[in-house]
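Colleague: Here it is, the structure in full.
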Amino acid sequence: MFEFSDDSNTDPIRTDLSKRVAELHQALHLHAHSYYVLDAPSIPDAEYDKLFSELQNIEAAHPELRTADSPTQRVGGKPMSEFATVRHAVPMLSIRTETDTEASGAESFDARIRKELSLQASDAVVEYVAELKFDGLAMSLRYEKGVLVQAATRGDGEYGEDVTHNIRTIGQIPLKLPETAPGVLEVRGEVYMRRDDFECLNERQRTKIAAGAKGEKTFVNPRNAAAGSVRQLDPAIAAQRPLSFFAYGVGEVSMSTSNPVVWGTHYDLLQMLKNWGFPVAVEVNIAKGATELIAYHQTIGKLRDTLPFDIDGVVYKVNSLTLQQQLGFVSREPRWAVAHKYPAQEQLTTVLAIEVQVGRTGKLTPVAKLAPVFVGGVTVTNATLHNEDEARRKDVRLGDTVIVRRAGDVIPEVVSVLLEKRQNDAPIFTMPHVCPVCDSVAVREEGEADYRCTGGLFCSAQRKHAILHFAQKRAVEVDGLGEKLVDQMVEAGIVRTLPDLYKLGLTTLSELDRMADKSAQNILVALQNSKQTTLPRFLYGLGIRHVGEATAKALVKHFGKLDAIMDAPLEQLTQVADVGPIVALSLRTFFDQAHNREVVEQLRACGVTWTEGEPSPAALLALSGKTFVITGTLPTLGRDNLKDMLEAAGAKVAGSVSKKTHYLVAGSDAGSKLDKARELEIAILDEAGVLALLNDTTSGVNL
Ligand code: IVH
């Protein structure tokens with residue numbers, strides 16, 4: 001569609017320039033629409049800024065190319081029609097942006113201020129307030145007689161959208177101010193979403209999408225999520241969105257004559273806002289002269305990742321209000337303030353491959369391998385695609401140009417694909433159904449978002465986790481075998497699977513870091529002691545998904561012996577109290593894999609032992625695990641009578657025919673149940689047949 005090249009300024013041919021201007025108009029209009037109206041940015045901010053300043057530069061050099069509909073002639077966002085329009089009593093200004101992300105950015109601001117104020121080198125330093133530049137959306141909160149009467153977005157600076165109903169749901173915003181507050185007070189600040197709240201919200205959205213909810217989406221970044229939530233038409237939904245607020249200035253202020261409040265500096269104003277109940281960032285600082293501005297920029301730059309919310313820079317403001325007035329404005333920007341940016345947290349890059357990584361608990365995560373890109377202060381080469389649904393929704397493909405985001409300690413993430421840049425016909429990514437590390441079956445259970453490797457005992461990605469799980473106190477308990485030691489054993493390659501633990505010798509162990517003979521000896525004794533265990537502990541220690549301690553105990557109580565558990569078909573497993581179809585399937589999938597059984601056999605061969613028990617009476621009943629349905633009129637037996645007989649033999653009697661039905665007992669006048677059973681090819685018995693079956697069971701054979 002359009003190209004994002006940076007070199008058009010050098011193009012000397014006028015017609016080409018007009019063409020480029022038209023391209024830039026189209027691109028900027030489109031991106032501005034996605035950003036401001038749809039709340040779904042289509043390129044990173046830094047890219048947008050680049051295109052915008054390219055157009056500004058062309059227009060500066062060729063004013064005849066500047067048209068009234070140029071994106072440069074419009075400031076801020078376009079109000080959305082769904083919201084009532086509000087005229088700001090005092091316009092909401094923007095700040096000049098210093099894009100030089102180096103310390104020199106602060107120096108040139110100070111130099112400009114000193115020049116404007118005609119200060120000589122010998123004059124005192126100028127005092128500034130240095131603040132964080134929050135990455136959310138600007139908000140004007142109007143209080144009359146201390147009561148919140150209106151909240152409006154910035155819009156184009158002059159007209160914004162009335163979002164009072166949604167803003168009222170933000171707990172941090174006071175609805176009523178103390179008596180000391182001015183009669184009319186417009187508080188200006190930023191509505192934002194904390195990074196942890198953003199992650200939670202997206203996780204919630206992903207769960208909803210995985211469960212098949214329609215019309216739900218995840219958000220690209222916290223600012224986008226905050227903007228989308230503020231513009232939510234349904235306040236009930238907005239109320240569930242975790243929004244926060246910081247105050248950083250005021251609009252209209254009018255004092256009641258009886259109770260005047262005065263402040264002479266911006267810093268004092270911020271303190272007052274705090275006293276009136278508004279959140280003001282603790283990082284606000286007075287900075288004297290360029291040196292302290294630079295120090296602030298550096299300190300906050302280091303802190304940036306550890307802050308709980310996104311910032312895209314810092315803001316410097318002249319502290320004295322008298323000096324602010326003296327400096328005044330250029331168009332819509334005050335001369336007394338500047339935003340000094342940090343490297344962007346979102347960048348464009350290309351996808352070199354899509355791989356699937358296996359976590360220590362067996363979770364499979366699709367990961368995009370990226371052309372190295374500097375984002376959020378580090379070089380990023382990998383970005384998570386989270387899971388199958390997310391990967392499919394984002395539809396990231398090999399060779400794609402993508403926006404990658406890295407903010408704080410959060411793992412880098414591909415937030416969207418630039419479809420207009422897709423040139424290949426690379427296939428849609430699909431999740432593998434086997435583990436890419438160990439080839440075991442990978443399953444995604446109903447209602448879950450992730451695929452998991454089922455070869456926990458065998459998969460090298462899960463080694464450490466499997467060993468620690470097995471060795472823990474609640475499992476076979478190997479005293480002293482903790483995380484550090486397991487890390488060492490696995491990394492040194494001396495333990496690959498659980499049985500290797502029991503083959504360790506004193507020499508191998510004492511060669512490990514910080515492992516004296518005595519402690520090595522202690523570990524060997526602990527290993528020896530762990531061999532005598534109980535079956536529930538052993539079973540739990542295998543780390544089969546969904547098999548916790550209670551389930552392991554219930555299984556052992558029911559079946560008595562390990563082999564019986566390993567071989568039990570699904571329907572027998574589901575007979576156990578607390579074992580539903582998901583747990584049963586997990587057990588079956590685990591024991592159906594030869595390498596898992598091998599580990600169990602090897603552990604037994606190494607001397608791990610327990611006392612086996614007898615199966616419970618319920619497990620012994622001949623018809624245990626079988627489901628019957630009775631229909632029609634039987635020649636001699638009443639239905640209830642037959643039901644009692646079947647249940648006494650361990651069977652379950654259900655009301656309707658399904659795939660899980662084993663036998664249908666059909667008398668005369670049997671209707672739709674009989675048809676259904678035939679359709680599903682279920683065994684059909686008459687009265688004589690079921691009686692014969694019950695007779696056979698007296699021999700105790702489990703059918
Ligand atoms: S002061 C007269 N202070 O940056 C200056 N703005 O273009 C008015 N912003 O979207 C703004 N943090 O919402 C100011 N500490 C801060 C800020 C801040 C973020 C945003 C503001 C607006 C943009 C200014």
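Letters A, B, ... mark the chains of the structure tokens in the order given; residue numbers begin at 1 per chain; ligand numbers begin at 1, in order shown.
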Counting only C-alpha atoms, what is within 7 Å of Glu98 (chain A), bar same-chain residues fewer than 4 positions away, as a list in words?

Modeller: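 Listed by chain and then number, they are Gly105, Val338, Ala339, His340 and Lys341 of chain A.
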
Colleague: May I have the residues from that selection written out with C-alpha atoms, as an mmCIF file, in the first residue's frame?

Modeller:
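Saved to again-v5.cif:
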data_model
loop_
_atom_site.group_PDB
_atom_site.id
_atom_site.type_symbol
_atom_site.label_atom_id
_atom_site.label_comp_id
_atom_site.auth_asym_id
_atom_site.auth_seq_id
_atom_site.Cartn_x
_atom_site.Cartn_y
_atom_site.Cartn_z
ATOM 1 C CA GLY A 105 18.391 16.890 25.175
ATOM 2 C CA VAL A 338 9.588 19.859 27.380
ATOM 3 C CA ALA A 339 9.205 16.100 27.188
ATOM 4 C CA HIS A 340 12.547 14.304 27.086
ATOM 5 C CA LYS A 341 12.075 10.835 25.654
#

Colleague: Within 9 Å of Leu55 (chain A), counting only C-alpha atoms, which residues qualify if same-chain residues fewer than 5 places away don't, as a PyMOL selection string?

Modeller: chain A and resi 20-21+24-25+50+60+70-72

Colleague: Report as JSON lines the residues of chain A within 8 Å of ligand 1, each with its shortest atom pair and distance in Å (one decimal), using only C-alpha atoms and all ligand atoms, ordered by chain and increasing residue number.

Modeller:
{"residue": "A:Met92", "atom": "CA", "partner": "ligand 1", "partner_atom_place_in_ligand_line": "8 (C)", "distance": 6.6}
{"residue": "A:Leu93", "atom": "CA", "partner": "ligand 1", "partner_atom_place_in_ligand_line": "2 (C)", "distance": 5.0}
{"residue": "A:Ser94", "atom": "CA", "partner": "ligand 1", "partner_atom_place_in_ligand_line": "7 (O)", "distance": 3.3}
{"residue": "A:Ile95", "atom": "CA", "partner": "ligand 1", "partner_atom_place_in_ligand_line": "7 (O)", "distance": 4.2}
{"residue": "A:Arg96", "atom": "CA", "partner": "ligand 1", "partner_atom_place_in_ligand_line": "7 (O)", "distance": 7.0}
{"residue": "A:Thr97", "atom": "CA", "partner": "ligand 1", "partner_atom_place_in_ligand_line": "7 (O)", "distance": 7.9}
{"residue": "A:Glu131", "atom": "CA", "partner": "ligand 1", "partner_atom_place_in_ligand_line": "15 (N)", "distance": 5.1}
{"residue": "A:Leu132", "atom": "CA", "partner": "ligand 1", "partner_atom_place_in_ligand_line": "15 (N)", "distance": 5.1}
{"residue": "A:Lys133", "atom": "CA", "partner": "ligand 1", "partner_atom_place_in_ligand_line": "12 (N)", "distance": 3.4}
{"residue": "A:Phe134", "atom": "CA", "partner": "ligand 1", "partner_atom_place_in_ligand_line": "19 (C)", "distance": 4.1}
{"residue": "A:Asp135", "atom": "CA", "partner": "ligand 1", "partner_atom_place_in_ligand_line": "19 (C)", "distance": 6.1}
{"residue": "A:Gly136", "atom": "CA", "partner": "ligand 1", "partner_atom_place_in_ligand_line": "13 (O)", "distance": 6.8}
{"residue": "A:Leu137", "atom": "CA", "partner": "ligand 1", "partner_atom_place_in_ligand_line": "13 (O)", "distance": 5.3}
{"residue": "A:Ala138", "atom": "CA", "partner": "ligand 1", "partner_atom_place_in_ligand_line": "13 (O)", "distance": 3.6}
{"residue": "A:Met139", "atom": "CA", "partner": "ligand 1", "partner_atom_place_in_ligand_line": "13 (O)", "distance": 7.0}
{"residue": "A:Arg154", "atom": "CA", "partner": "ligand 1", "partner_atom_place_in_ligand_line": "10 (O)", "distance": 7.6}
{"residue": "A:Arg188", "atom": "CA", "partner": "ligand 1", "partner_atom_place_in_ligand_line": "11 (C)", "distance": 7.8}
{"residue": "A:Gly189", "atom": "CA", "partner": "ligand 1", "partner_atom_place_in_ligand_line": "13 (O)", "distance": 6.2}
{"residue": "A:Glu190", "atom": "CA", "partner": "ligand 1", "partner_atom_place_in_ligand_line": "13 (O)", "distance": 5.2}
{"residue": "A:Ala247", "atom": "CA", "partner": "ligand 1", "partner_atom_place_in_ligand_line": "15 (N)", "distance": 7.9}
{"residue": "A:Tyr248", "atom": "CA", "partner": "ligand 1", "partner_atom_place_in_ligand_line": "3 (N)", "distance": 5.3}
{"residue": "A:Gly249", "atom": "CA", "partner": "ligand 1", "partner_atom_place_in_ligand_line": "1 (S)", "distance": 6.5}
{"residue": "A:Ile311", "atom": "CA", "partner": "ligand 1", "partner_atom_place_in_ligand_line": "19 (C)", "distance": 7.9}
{"residue": "A:Val314", "atom": "CA", "partner": "ligand 1", "partner_atom_place_in_ligand_line": "15 (N)", "distance": 7.1}
{"residue": "A:Val315", "atom": "CA", "partner": "ligand 1", "partner_atom_place_in_ligand_line": "15 (N)", "distance": 5.5}
{"residue": "A:Glu333", "atom": "CA", "partner": "ligand 1", "partner_atom_place_in_ligand_line": "2 (C)", "distance": 6.7}
{"residue": "A:Pro334", "atom": "CA", "partner": "ligand 1", "partner_atom_place_in_ligand_line": "2 (C)", "distance": 5.7}
{"residue": "A:Ala337", "atom": "CA", "partner": "ligand 1", "partner_atom_place_in_ligand_line": "5 (C)", "distance": 6.5}
{"residue": "A:Ala339", "atom": "CA", "partner": "ligand 1", "partner_atom_place_in_ligand_line": "4 (O)", "distance": 7.4}

Colleague: Hey, what's within 7 Å of region 639-653 of chain A if we count only C-alpha atoms and toss same-chain stuff fewer than 5 positions away? As JSON, numbers by chain, please?

Modeller: {"A": [618, 621, 622, 623, 624, 625, 626, 627, 628, 629]}

Colleague: Considering only C-alpha atoms, can you say which of A:Val149, A:Leu117, A:Val415, A:Ala227 comes closest to Leu323 (chain A)?

Modeller: A:Leu117

Colleague: From the set A:Val86, A:Leu385, A:Ala407, A:Val486, which residue has the shortest atom-to-atom contact distance to Asp450 (chain A), counting only C-alpha atoms?

Modeller: A:Leu385

Colleague: Identify, with DSSP run on backbone atoms, the residues in region 361-596 of chain A assigned to strand (DSSP E or B), and express the list as a ChimeraX atom specification.

Modeller: /A:363-375,378-384,401-405,413-417,434,441-443,451-453,532

Colleague: Skip Val282 (chain A) itself and residues of its chain fewer than 3 positions away, then list as number ranges by chain all residues within 12 Å of it, counting only C-alpha atoms.

Modeller: A: 130-132, 246-248, 270-271, 274, 279, 285-286, 300, 307

Colleague: Quick one: distance from CA of Trp610 (chain A) to CA of Arg474 (chain A) in Å, one decimal?

Modeller: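 CA of Arg474 (chain A) lies 15.2 Å from CA of Trp610 (chain A).
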
Colleague: Give the alpha helix (DSSP H) residues of region 407-572 of chain A, as DSSP finds them on the backbone, and put them as a PyMOL selection string.

Modeller: chain A and resi 463-471+483-491+498-501+506-510+517-530+535-541+549-559+562-567+570-572

Colleague: Which one of A:Tyr128, A:Phe329, A:Tyr192, A:Phe470 sits closest to Lys317 (chain A) if you count only C-alpha atoms?

Modeller: A:Tyr128

Colleague: Point out the residue among A:Glu144, A:Glu107, A:Glu598, A:Asp45 with the least atom-to-atom distance to Thr291 (chain A), counting only C-alpha atoms.

Modeller: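 Using only C-alpha atoms, the shortest distance to Thr291 (chain A) belongs to A:Glu107.
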
Colleague: I'd like to know which of A:Val90, A:Glu283, A:Ser440, A:Thr265 is closest to Thr322 (chain A), using only C-alpha atoms.

Modeller: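 Once distances to Thr322 (chain A) are computed over only C-alpha atoms, the minimum belongs to A:Thr265.
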
Colleague: Residues near Asp196 (chain A), anyone? I mean within 10 Å using only C-alpha atoms, not counting same-chain ones fewer than 3 positions away, as number ranges by chain.

Modeller: A: 193, 199-202, 222, 242, 308-309, 410

Colleague: If I take CA of Val126 (chain A) and CA of Glu186 (chain A), how far is one from the other in Å, to one decimal?

Modeller: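 For CA of Val126 (chain A) relative to CA of Glu186 (chain A), the distance reads 27.6 Å.
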
Colleague: Suppose you want the space between CA of His62 (chain A) and CA of Asp156 (chain A); what is it in Å?

Modeller: 25.6 Å
